[in-house]
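The structure file input-v8.tsv is reproduced below (TSV, C-alpha atoms).
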chain	number	residue	atom	x	y	z
F	1	MET	CA	7.10	12.79	1.80
F	2	GLU	CA	9.38	12.87	4.82
F	3	LYS	CA	11.10	9.54	5.29
F	4	VAL	CA	13.24	9.09	8.39
F	5	ILE	CA	15.43	6.01	8.79
F	6	ILE	CA	15.37	5.12	12.48
F	7	ALA	CA	17.51	1.98	12.40
F	8	LYS	CA	19.31	-0.07	9.80
F	9	ALA	CA	21.01	-3.47	9.93
F	10	THR	CA	22.90	-5.50	7.33
F	11	ILE	CA	22.89	-9.26	7.86
F	12	ASN	CA	24.36	-11.78	5.38
F	13	ASP	CA	24.13	-9.31	2.46
F	14	ASN	CA	20.54	-8.46	3.42
F	15	GLU	CA	19.49	-5.02	4.61
F	16	VAL	CA	16.63	-4.37	7.03
F	17	SER	CA	15.59	-0.81	7.87
F	18	LEU	CA	13.02	0.67	10.23
F	19	VAL	CA	11.56	3.79	8.63
F	20	LYS	CA	9.07	6.34	9.93
F	21	GLN	CA	7.02	8.02	7.22
F	22	TYR	CA	3.84	10.09	7.69
F	23	ASP	CA	3.66	9.02	11.39
F	24	ARG	CA	3.62	5.37	10.28
F	25	TYR	CA	6.33	2.75	10.69
F	26	PHE	CA	7.61	0.59	7.85
F	27	ILE	CA	10.22	-2.13	7.56
F	28	TYR	CA	12.18	-1.97	4.32
F	29	TRP	CA	14.04	-5.15	3.42
F	30	GLY	CA	16.09	-6.40	0.52
F	31	GLU	CA	19.53	-6.14	-0.97
F	32	PRO	CA	21.58	-3.08	0.09
F	33	LEU	CA	21.63	-0.07	-2.23
F	34	ASP	CA	18.59	-1.40	-4.06
F	35	ASN	CA	16.05	1.28	-4.93
F	36	TYR	CA	13.36	-1.39	-5.12
F	37	GLN	CA	13.46	-2.72	-1.59
F	38	SER	CA	10.19	-4.18	-0.41
F	39	SER	CA	8.36	-2.51	2.43
F	40	THR	CA	5.90	-3.70	5.02
F	41	GLU	CA	3.82	-1.35	7.14
F	42	LEU	CA	3.82	-2.24	10.80
F	43	LEU	CA	0.35	-2.50	12.32
F	44	THR	CA	-1.10	-3.99	15.49
F	45	PRO	CA	-3.35	-7.08	15.18
F	46	SER	CA	-6.38	-4.76	15.30
F	47	GLY	CA	-4.99	-2.65	12.42
F	48	ARG	CA	-3.82	0.35	14.41
F	49	ARG	CA	-0.45	2.07	14.30
F	50	PRO	CA	2.04	0.61	16.78
F	51	SER	CA	3.89	2.60	19.43
F	52	GLN	CA	7.55	3.42	18.88
F	53	THR	CA	8.59	0.72	21.36
F	54	SER	CA	6.47	-1.88	19.59
F	55	ALA	CA	7.90	-0.85	16.21
F	56	HIS	CA	11.44	-1.28	17.57
F	57	LYS	CA	10.57	-4.75	18.85
F	58	LYS	CA	9.21	-5.74	15.42
F	59	PHE	CA	12.39	-4.41	13.81
F	60	ILE	CA	14.52	-6.57	16.11
F	61	GLN	CA	12.39	-9.60	15.18
F	62	ALA	CA	12.89	-8.80	11.48
F	63	VAL	CA	16.66	-8.54	11.97
F	64	LYS	CA	16.72	-11.94	13.68
F	65	ALA	CA	14.63	-13.45	10.86
F	66	ALA	CA	16.95	-11.96	8.22
F	67	LYS	CA	19.70	-14.29	9.45
F	68	TYR	CA	17.79	-17.16	7.83
F	69	LEU	CA	16.58	-15.40	4.66
F	70	LYS	CA	18.22	-14.45	1.39
F	71	PHE	CA	16.51	-11.68	-0.57
F	72	SER	CA	16.97	-11.73	-4.31
F	73	LYS	CA	15.31	-10.21	-7.36
F	74	LEU	CA	12.91	-12.35	-9.33
Would you give me this structure, written as structure tokens?
Amino acid sequence: MEKVIIAKATINDNEVSLVKQYDRYFIYWGEPLDNYQSSTELLTPSGRRPSQTSAHKKFIQAVKAAKYLKFSKL
């Protein structure tokens, strides 16, 4: 289970990370240093794996959205 963190950003006490795992891209989001961060697999509208450039664009969108969100445990 090789997990490579490509990019990470911390915004307003929220952490957003772009991770490549098994040739798939995921966005991990939640509070920093939390072992239970949520993850979302990045896919194209047709359900295919995105290119690296597309994954980076989605990460930038997630970082911009994190400015308006506050992640907290339920």
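The residue that comes closest to Leu42 of chain F, out of F:Trp29, F:Phe59, F:Ile11, F:Tyr68 and on the basis of all atoms listed in the file, is F:Phe59.
Of the listed residues (F:Ala66, F:Asp13, F:Leu33, F:Leu18), F:Leu18 comes nearest to Thr53 of chain F; the distances count only C-alpha atoms.
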If you measure from atom CA of Tyr28 of chain F to atom CA of Val16 of chain F, what distance in Å do you get, rounded to one decimal?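 Interatomic distance, atom CA of Tyr28 of chain F to atom CA of Val16 of chain F: 5.7 Å.
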Point out the residue among F:Leu43, F:Gly30, F:Glu15, F:Lys3 with the least atom-to-atom distance to Ala55 of chain F, counting only C-alpha atoms. F:Leu43
Might you pull out every residue within 6 Å of segment 39-41 of chain F, with all atoms listed in the file counted and same-chain residues fewer than 3 positions away left off, and present them as a list in words? Tyr25, Phe26, Ile27 and Tyr28 of chain F
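In terms of minimum interatomic distance to Lys57 of chain F, F:Ala7 ranks closest within F:Ala7, F:Asn14, F:Glu31, F:Glu2, counting all atoms listed in the file.
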Atom CA of Thr10 of chain F to atom CA of Ser38 of chain F: how many Å, to one decimal? 14.9 Å
In terms of the shortest atom-to-atom distance over only C-alpha atoms, which of F:Gln37, F:Arg24, F:Ala62, F:Ile5 is closest to Pro50 of chain F? F:Arg24
Atom CA of Gln21 of chain F to atom CA of Lys70 of chain F, straight-line distance in Å: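 Interatomic distance here is 25.8 Å.
When all atoms listed in the file are used to compute distances to Arg49 of chain F, the closest of the residues F:Lys67, F:Gln61, F:Lys20, F:Pro32 turns out to be F:Lys20.
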